[in-house]
Structures are given as C-alpha cells and as structure tokens.
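Structure file coords-v4.txt with compact mmCIF, C-alpha atoms:
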```txt
# COMPACT_ATOMS: atom_id res chain seq x y z
CA MET A 528 -138.31 -20.93 32.94
CA THR A 529 -139.80 -24.21 31.91
CA LEU A 530 -138.75 -27.61 33.11
CA VAL A 531 -137.77 -29.91 30.26
CA THR A 532 -139.97 -32.98 30.19
CA ASN A 533 -139.94 -34.95 26.99
CA GLU A 534 -143.05 -37.07 26.69
CA ALA A 535 -143.99 -39.13 23.67
CA ARG A 536 -146.98 -37.84 21.73
CA ILE A 537 -149.09 -40.15 19.61
CA VAL A 538 -151.69 -39.64 16.90
CA ALA A 539 -153.70 -42.47 15.36
CA ASP A 540 -155.21 -41.01 12.20
CA PRO A 541 -158.94 -41.85 12.01
CA ASP A 542 -159.01 -41.79 8.18
CA VAL A 543 -155.81 -43.52 7.06
CA PRO A 544 -154.07 -46.50 8.70
CA THR A 545 -151.14 -44.64 10.21
CA ILE A 546 -149.78 -44.10 13.68
CA THR A 547 -147.43 -41.19 14.36
CA ILE A 548 -145.29 -40.90 17.47
CA THR A 549 -143.12 -37.86 18.21
CA ARG A 550 -140.53 -37.53 20.96
CA GLU A 551 -137.76 -35.06 21.75
CA PHE A 552 -134.33 -36.06 23.05
CA GLU A 553 -131.68 -34.10 24.93
CA SER A 554 -128.94 -34.98 22.48
CA THR A 555 -127.80 -34.26 18.94
CA PRO A 556 -129.27 -36.08 15.91
CA ASP A 557 -126.04 -38.02 15.25
CA LYS A 558 -126.15 -39.61 18.71
CA VAL A 559 -129.89 -40.30 18.67
CA PHE A 560 -129.41 -41.86 15.23
CA ARG A 561 -126.70 -44.14 16.68
CA CYS A 562 -129.21 -45.44 19.24
CA TRP A 563 -131.42 -46.49 16.32
CA THR A 564 -128.74 -48.01 14.13
CA GLU A 565 -125.90 -49.57 16.19
CA GLN A 566 -126.77 -53.12 17.19
CA ASP A 567 -125.31 -53.04 20.72
CA LEU A 568 -127.24 -49.84 21.46
CA VAL A 569 -130.50 -50.99 19.86
CA GLU A 570 -130.45 -54.16 21.99
CA ARG A 571 -130.53 -52.04 25.09
CA TRP A 572 -133.79 -50.23 24.51
CA LEU A 573 -135.92 -52.09 21.97
CA GLY A 574 -138.78 -54.21 23.31
CA PRO A 575 -141.07 -53.71 26.31
CA ASP A 576 -139.80 -53.34 29.89
CA GLY A 577 -138.94 -56.68 31.48
CA THR A 578 -137.94 -58.32 28.19
CA VAL A 579 -134.62 -59.03 26.50
CA THR A 580 -134.09 -58.22 22.83
CA ARG A 581 -131.92 -60.76 21.00
CA ILE A 582 -130.77 -59.45 17.63
CA ASP A 583 -130.02 -62.32 15.24
CA GLU A 584 -129.26 -60.26 12.16
CA TRP A 585 -128.55 -56.55 11.80
CA VAL A 586 -127.40 -55.03 8.52
CA CYS A 587 -128.41 -51.44 9.09
CA GLU A 588 -127.70 -49.84 5.71
CA THR A 589 -129.73 -48.96 2.62
CA GLY A 590 -130.85 -52.31 1.18
CA GLY A 591 -129.99 -54.09 4.43
CA ARG A 592 -132.11 -56.28 6.72
CA TYR A 593 -132.75 -57.21 10.32
CA ARG A 594 -134.17 -60.00 12.44
CA TYR A 595 -134.66 -60.03 16.21
CA ALA A 596 -136.59 -61.81 18.94
CA THR A 597 -138.08 -60.74 22.26
CA GLU A 598 -137.28 -63.00 25.20
CA VAL A 599 -138.87 -63.24 28.61
CA GLU A 600 -136.85 -65.26 31.16
CA GLY A 601 -134.86 -66.88 28.37
CA GLN A 602 -137.97 -67.90 26.41
CA GLU A 603 -138.65 -66.42 22.98
CA VAL A 604 -142.11 -64.81 23.01
CA ALA A 605 -142.07 -62.97 19.67
CA ALA A 606 -139.87 -62.55 16.61
CA PHE A 607 -139.69 -59.72 14.08
CA TYR A 608 -137.96 -59.08 10.78
CA GLY A 609 -137.79 -56.61 7.92
CA SER A 610 -135.67 -54.74 5.39
CA PHE A 611 -133.93 -51.41 5.60
CA HIS A 612 -135.17 -49.50 2.57
CA GLU A 613 -133.08 -46.42 3.29
CA VAL A 614 -130.64 -45.50 6.04
CA ARG A 615 -129.64 -41.84 5.66
CA PRO A 616 -127.07 -40.90 8.31
CA SER A 617 -128.38 -38.76 11.17
CA SER A 618 -131.60 -37.90 9.41
CA ARG A 619 -133.84 -40.73 8.21
CA ILE A 620 -134.49 -44.49 8.36
CA VAL A 621 -137.14 -46.22 6.24
CA GLN A 622 -137.77 -49.89 6.96
CA THR A 623 -140.39 -52.62 6.68
CA PHE A 624 -141.55 -54.41 9.81
CA THR A 625 -143.22 -57.81 10.20
CA TRP A 626 -144.19 -59.76 13.30
CA GLY A 627 -143.32 -63.42 12.67
CA GLY A 628 -146.71 -64.46 14.11
CA ALA A 629 -148.53 -62.74 11.23
CA PRO A 630 -146.18 -63.02 8.24
CA ASP A 631 -148.75 -61.61 5.79
CA GLY A 632 -148.81 -58.35 7.70
CA VAL A 633 -146.17 -55.74 6.96
CA SER A 634 -145.87 -52.13 7.99
CA LEU A 635 -143.69 -49.38 6.59
CA GLU A 636 -141.83 -47.46 9.29
CA THR A 637 -140.20 -44.09 8.71
CA ALA A 638 -138.07 -42.52 11.43
CA THR A 639 -137.08 -38.89 10.94
CA PHE A 640 -134.43 -37.16 13.06
CA GLU A 641 -134.61 -33.37 13.15
CA GLU A 642 -132.19 -31.07 14.91
CA LEU A 643 -133.73 -28.69 17.44
CA PRO A 644 -132.06 -25.60 18.93
CA GLY A 645 -129.74 -26.31 21.85
CA GLY A 646 -128.32 -29.56 20.48
CA ARG A 647 -131.61 -31.38 20.90
CA THR A 648 -133.42 -33.74 18.51
CA GLN A 649 -137.01 -34.41 17.56
CA VAL A 650 -137.75 -37.93 16.38
CA THR A 651 -140.91 -38.62 14.37
CA LEU A 652 -141.95 -42.25 13.87
CA LEU A 653 -144.55 -42.84 11.19
CA SER A 654 -146.04 -46.33 10.83
CA VAL A 655 -148.16 -47.13 7.79
CA VAL A 656 -150.04 -50.41 8.20
CA ASP A 657 -152.21 -52.19 5.62
CA SER A 658 -155.67 -51.59 7.10
CA MET A 659 -157.57 -49.67 9.75
CA GLU A 660 -158.04 -53.03 11.49
CA ALA A 661 -154.29 -53.48 11.61
CA GLN A 662 -153.90 -49.99 13.04
CA ARG A 663 -156.25 -50.89 15.90
CA ALA A 664 -154.62 -54.28 16.39
CA MET A 665 -151.20 -52.66 16.55
CA MET A 666 -152.29 -50.23 19.21
CA SER A 667 -154.20 -52.82 21.23
CA SER A 668 -151.09 -55.03 21.33
CA GLY A 669 -150.11 -53.07 24.42
CA MET A 670 -153.39 -53.90 26.13
CA GLU A 671 -152.12 -56.37 28.68
CA VAL A 672 -149.97 -53.65 30.19
CA GLY A 673 -152.28 -52.39 32.89
CA ILE A 674 -152.41 -48.63 33.07
CA ASN A 675 -155.31 -46.60 34.28
CA ASP A 676 -154.94 -43.00 33.35
CA GLY A 677 -158.41 -41.76 32.61
CA PHE A 678 -159.33 -38.80 30.53
CA ALA A 679 -156.24 -36.66 30.30
CA LYS A 680 -154.83 -37.90 27.00
CA LEU A 681 -158.03 -37.78 25.01
CA ASP A 682 -156.54 -34.66 23.46
CA ALA A 683 -154.07 -36.80 21.50
CA MET A 684 -156.93 -38.61 19.78
CA LEU A 685 -159.16 -35.58 19.44
CA GLU A 686 -156.41 -33.56 17.82
CA SER A 687 -156.64 -35.91 14.86
CA LEU A 688 -160.43 -35.92 14.63
CA MET B 545 -160.92 -57.92 26.78
CA VAL B 546 -162.41 -59.21 23.49
CA GLU B 547 -165.61 -57.26 24.18
CA GLN B 548 -163.56 -54.14 24.80
CA ALA B 549 -161.67 -54.63 21.57
CA GLU B 550 -164.93 -55.06 19.64
CA GLN B 551 -166.39 -51.95 21.15
CA LEU B 552 -163.25 -50.03 20.25
CA ASN B 553 -163.55 -51.25 16.68
CA ARG B 554 -167.10 -49.89 16.54
CA VAL B 555 -165.98 -46.60 18.06
CA PHE B 556 -163.18 -46.14 15.54
CA ALA B 557 -165.45 -47.12 12.65
CA ALA B 558 -168.10 -44.67 13.87
CA LEU B 559 -165.54 -41.87 14.14
CA ALA B 560 -164.05 -42.61 10.72
CA ASP B 561 -166.81 -40.46 9.16
CA PRO B 562 -166.28 -36.66 9.17
CA THR B 563 -169.98 -35.84 9.64
CA ARG B 564 -170.21 -38.13 12.65
CA ARG B 565 -167.03 -36.65 14.10
CA ASP B 566 -168.54 -33.21 13.70
CA MET B 567 -171.74 -34.35 15.43
CA VAL B 568 -169.70 -35.74 18.33
CA ALA B 569 -167.73 -32.51 18.60
CA ARG B 570 -170.96 -30.51 18.78
CA LEU B 571 -172.51 -32.84 21.34
CA ALA B 572 -169.44 -32.35 23.51
CA SER B 573 -170.70 -28.84 24.28
CA GLY B 574 -174.20 -30.03 25.22
CA ASP B 575 -177.17 -32.27 24.41
CA ALA B 576 -179.11 -31.60 21.19
CA THR B 577 -182.18 -32.90 19.40
CA VAL B 578 -181.97 -34.63 16.04
CA THR B 579 -183.42 -31.53 14.35
CA GLU B 580 -180.83 -29.31 16.02
CA LEU B 581 -178.05 -31.69 15.03
CA ALA B 582 -179.26 -31.83 11.43
CA ALA B 583 -179.49 -28.04 11.01
CA PRO B 584 -175.95 -27.28 9.72
CA TYR B 585 -175.86 -30.17 7.23
CA ASP B 586 -177.25 -30.28 3.74
CA VAL B 587 -178.71 -33.77 4.27
CA SER B 588 -182.07 -35.25 5.21
CA LEU B 589 -183.18 -35.85 8.80
CA GLN B 590 -183.21 -39.51 7.86
CA ALA B 591 -179.50 -39.43 6.97
CA VAL B 592 -178.71 -37.73 10.26
CA SER B 593 -180.73 -40.38 12.10
CA LYS B 594 -178.66 -43.06 10.37
CA HIS B 595 -175.44 -41.42 11.53
CA LEU B 596 -176.87 -41.22 15.05
CA LYS B 597 -177.71 -44.91 14.95
CA VAL B 598 -174.07 -45.74 14.17
CA LEU B 599 -172.88 -43.53 17.03
CA GLU B 600 -175.47 -45.13 19.33
CA ASP B 601 -174.40 -48.66 18.40
CA ALA B 602 -170.80 -47.73 19.16
CA GLY B 603 -171.93 -46.53 22.58
CA LEU B 604 -170.81 -42.99 21.86
CA VAL B 605 -174.21 -41.36 22.32
CA ARG B 606 -177.43 -42.10 24.17
CA ARG B 607 -180.98 -40.86 23.57
CA SER B 608 -183.51 -40.59 26.36
CA LYS B 609 -186.49 -42.79 25.60
CA ASP B 610 -189.31 -40.97 27.36
CA ALA B 611 -188.84 -37.26 26.78
CA GLN B 612 -190.66 -35.87 23.77
CA ARG B 613 -187.60 -34.01 22.47
CA ARG B 614 -185.43 -37.11 22.89
CA PRO B 615 -182.21 -35.13 23.14
CA VAL B 616 -178.99 -36.85 22.16
CA HIS B 617 -176.37 -37.13 24.89
CA LEU B 618 -172.65 -37.82 24.44
CA ASP B 619 -171.51 -40.78 26.52
CA ALA B 620 -168.07 -40.00 27.92
CA GLU B 621 -167.33 -43.51 29.21
CA VAL B 622 -166.51 -44.83 25.75
CA PHE B 623 -164.03 -42.03 25.21
CA ASP B 624 -162.48 -43.02 28.51
CA LEU B 625 -161.97 -46.57 27.25
CA MET B 626 -160.46 -45.33 24.00
CA THR B 627 -158.22 -42.91 25.85
CA LYS B 628 -156.87 -45.60 28.18
CA TRP B 629 -156.15 -47.79 25.20
CA ILE B 630 -154.20 -45.13 23.33
CA GLU B 631 -152.42 -44.14 26.53
CA ARG B 632 -151.21 -47.70 27.10
CA TYR B 633 -149.64 -47.77 23.66
CA ARG B 634 -148.06 -44.38 24.21
CA ARG B 635 -146.69 -45.47 27.59
CA GLU B 636 -145.01 -48.50 26.03
CA ALA B 637 -143.30 -46.26 23.50
CA GLU B 638 -142.37 -43.81 26.26
CA GLU B 639 -140.72 -46.63 28.29
CA ARG B 640 -138.45 -47.36 25.33
CA PHE B 641 -137.63 -43.69 24.85
CA ARG B 642 -136.64 -43.33 28.54
CA ARG B 643 -134.10 -46.09 27.97
CA ILE B 644 -132.75 -44.15 24.99
CA ASP B 645 -132.49 -41.05 27.23
CA ARG B 646 -130.22 -43.03 29.57
CA LEU B 647 -128.19 -44.41 26.64
CA LEU B 648 -127.66 -40.90 25.30
CA GLU B 649 -126.40 -39.74 28.71
CA GLU B 650 -123.87 -42.57 28.61
CA LEU B 651 -122.80 -41.68 25.07
CA ASP B 652 -122.25 -38.07 26.15
CA HIS B 653 -120.01 -39.21 29.04
CA LYS B 654 -118.01 -41.57 26.85
CA GLN B 655 -117.42 -38.83 24.33
CA GLN B 656 -116.16 -36.39 26.97
CA LYS B 657 -113.62 -38.79 28.55
CA PRO B 658 -111.48 -39.59 25.48
CA THR B 659 -111.42 -35.89 24.55
CA ARG B 660 -109.93 -34.98 27.94
CA LYS B 661 -107.41 -37.81 27.74
CA GLY B 662 -106.45 -36.72 24.24
CA LYS B 663 -105.76 -33.20 25.43
CA ALA B 664 -103.70 -34.41 28.42
CA SER B 665 -101.38 -36.69 26.49
```
Could you show the structure in this file as structure tokens?
Amino acid sequence: MTLVTNEARIVADPDVPTITITREFESTPDKVFRCWTEQDLVERWLGPDGTVTRIDEWVCETGGRYRYATEVEGQEVAAFYGSFHEVRPSSRIVQTFTWGGAPDGVSLETATFEELPGGRTQVTLLSVVDSMEAQRAMMSSGMEVGINDGFAKLDAMLESL
Amino acid sequence: MVEQAEQLNRVFAALADPTRRDMVARLASGDATVTELAAPYDVSLQAVSKHLKVLEDAGLVRRSKDAQRRPVHLDAEVFDLMTKWIERYRREAEERFRRIDRLLEELDHKQQKPTRKGKAS
C-alpha cells in the first residue's frame, strides 16, 4: 500500500530554454481540463497564495485570447495576456503568455492532460521561453517567497544534467 | 539577492556545457587532480583547465592552493543555493495545484448531487 501524495515535479533543461512541470490529480481529465478552461474556476486557483486573480478577458477556444491581472489588497501588482493557439477538449491547451511588464517577452505554454488508471490525470506543463536568461528570470520570479528546504530537491535539477 | 541571481547565472552557464557537467558528476564521488579529470576526454590538459576555471568562477569547485597535487573539490554550497531557488519555484506551482485539488473535490460533489436528485424524481 502506498499513500497517494501528488507533488509537482519540475525540470529546467540546462541546454534549451524550457521549464517542464508535471503533476498528477485525483480526478478525470475532463474535470481537470475544466479547471484550466472555465473562467470562474481558473480565477480560483491562478496566481500566488494571498493574491486575487481578476480575469478581464477570457475566450478559451482555438484562436481565442485572455487577459488577467493579479491583485494584492485591491491593488493591481501584475498583468498578463496572451492567445489561445489551440484548445483541444480534455487533452491539450497551447497558448502564448506575456507579462505586461516585459511586453517584448513571450513564452509558449503547452498543457497536456493524460488519463491515468483509476480515473486520475497527469498534467504536463511545458514552457518555452526565448532565452536561457529568460528561463532563469522566470524561475527566480518566485524568489521573494521565502522557503528554506536545503538539499533534498537537487535531484530534480540533476535529473536533467 | 542580486548577487545571488548573478551567481546562479554563472552556475547555469557553467553547467550548460556537457563536458563540465560530466566533470561535476565525477567530482561528486570524490576529489580529483586535473590530470585525473582529463583522463577520459580526448582534449588537452589546457582545455580541461579552462573548463575548471569556468566551474571555479561559478563557485562550483575549489582547488587547494598549497598541496602539490592541487586536487579539485566540488563545493556543495552552490548546489544548495540552486536547489533552494528551484524549490521555491516548484512550491509556488504546487500551491496552485493544491487549490485545483480542492476545486476538483468540489466538482466531484456537485456532479454527484444532481445525479441523485435526478434518480429520485
């Protein structure tokens, strides 16, 4: 018997500017997909803890677009926008992503939803950014969140080396 | 914070090269001299020294100054910094995913209720 603990895994490729995150969910692909595509559901999980996500535009379909802002205590602290390149029900979303503070920067985000045995789902999020610098900047954007975990997760990085 | 970010940039740049990654992997199992490090590669000692210089500048390895063999030693502290950094990013993602876990539980409940009602009526 193993206890089910779903923890996000992350790999930052040292050779190409990509970041891959994988995570399993205790639900079927159609439901997990809804969390990614239905505006009222997306609003409830997107953005860091302690922030509010305000979605200003959400046309989640192939050829569609989106625009949202992150608010802290009613103040907008960041805004993001992009296009939905492809929205394939319950299996795949391809979209562009830009932070309004750096409008020249754009990443390509692919989310893949795969059914696992037992009505579970594996989600793979692949981000392709335009340079290795951007890859580092993207990952260091979480730096102000103070966490001190030491050596244990070196494996994630070393796996890709 | 800026210093940390700069050091991380050097670390990632240093590890972007497959030969240097291989050298780091070998040093993880113990110190080695430049000659020992160079042995498996079909390159000059000079080229290996250049690679070592890059790793040294990134703070990934240290070489003892006095000893005649001057063995190269892997410096774990830099890995610690890199690990913390990656872990922070992962944690942020994980926070979002935990919220999705709770949403999915709600969706499951909602789906069950109407089904029962439908059967009863």
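Among the candidates A:Val650, A:Val614, A:Ile582, A:Val655, the one nearest to chain B when counting all atoms listed in the file is A:Val650.
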Margin query: With only C-alpha atoms as the counted atoms, please give the residues lying no more than 8 Å from region 571-580 of chain B, apart from itself and same-chain residues fewer than 4 positions off, as a list in words.
Written below: Met567, Leu589, Val592, Ser593, Arg613, Arg614, Pro615, Val616, His617 and Leu618 of chain B
Notebook entry, point to check: For chain B, which residue among A:Glu600, A:Asp576, A:Gln566, A:Thr545 is the nearest when counting all atoms listed in the file?
Noted result: A:Asp576
Next item on the list: Pick out the chain B residues within 6 Å of chain A. Count all atoms listed in the file. Give them as a list in words.
Entry: Ala560, Asp624, Thr627, Tyr633, Glu638, Arg640 and Arg643 of chain B
Check: Could you state the separation of CA of Arg592 (chain A) and CA of Asp657 (chain A) in Å, given to one decimal place?
Finding: 20.5 Å
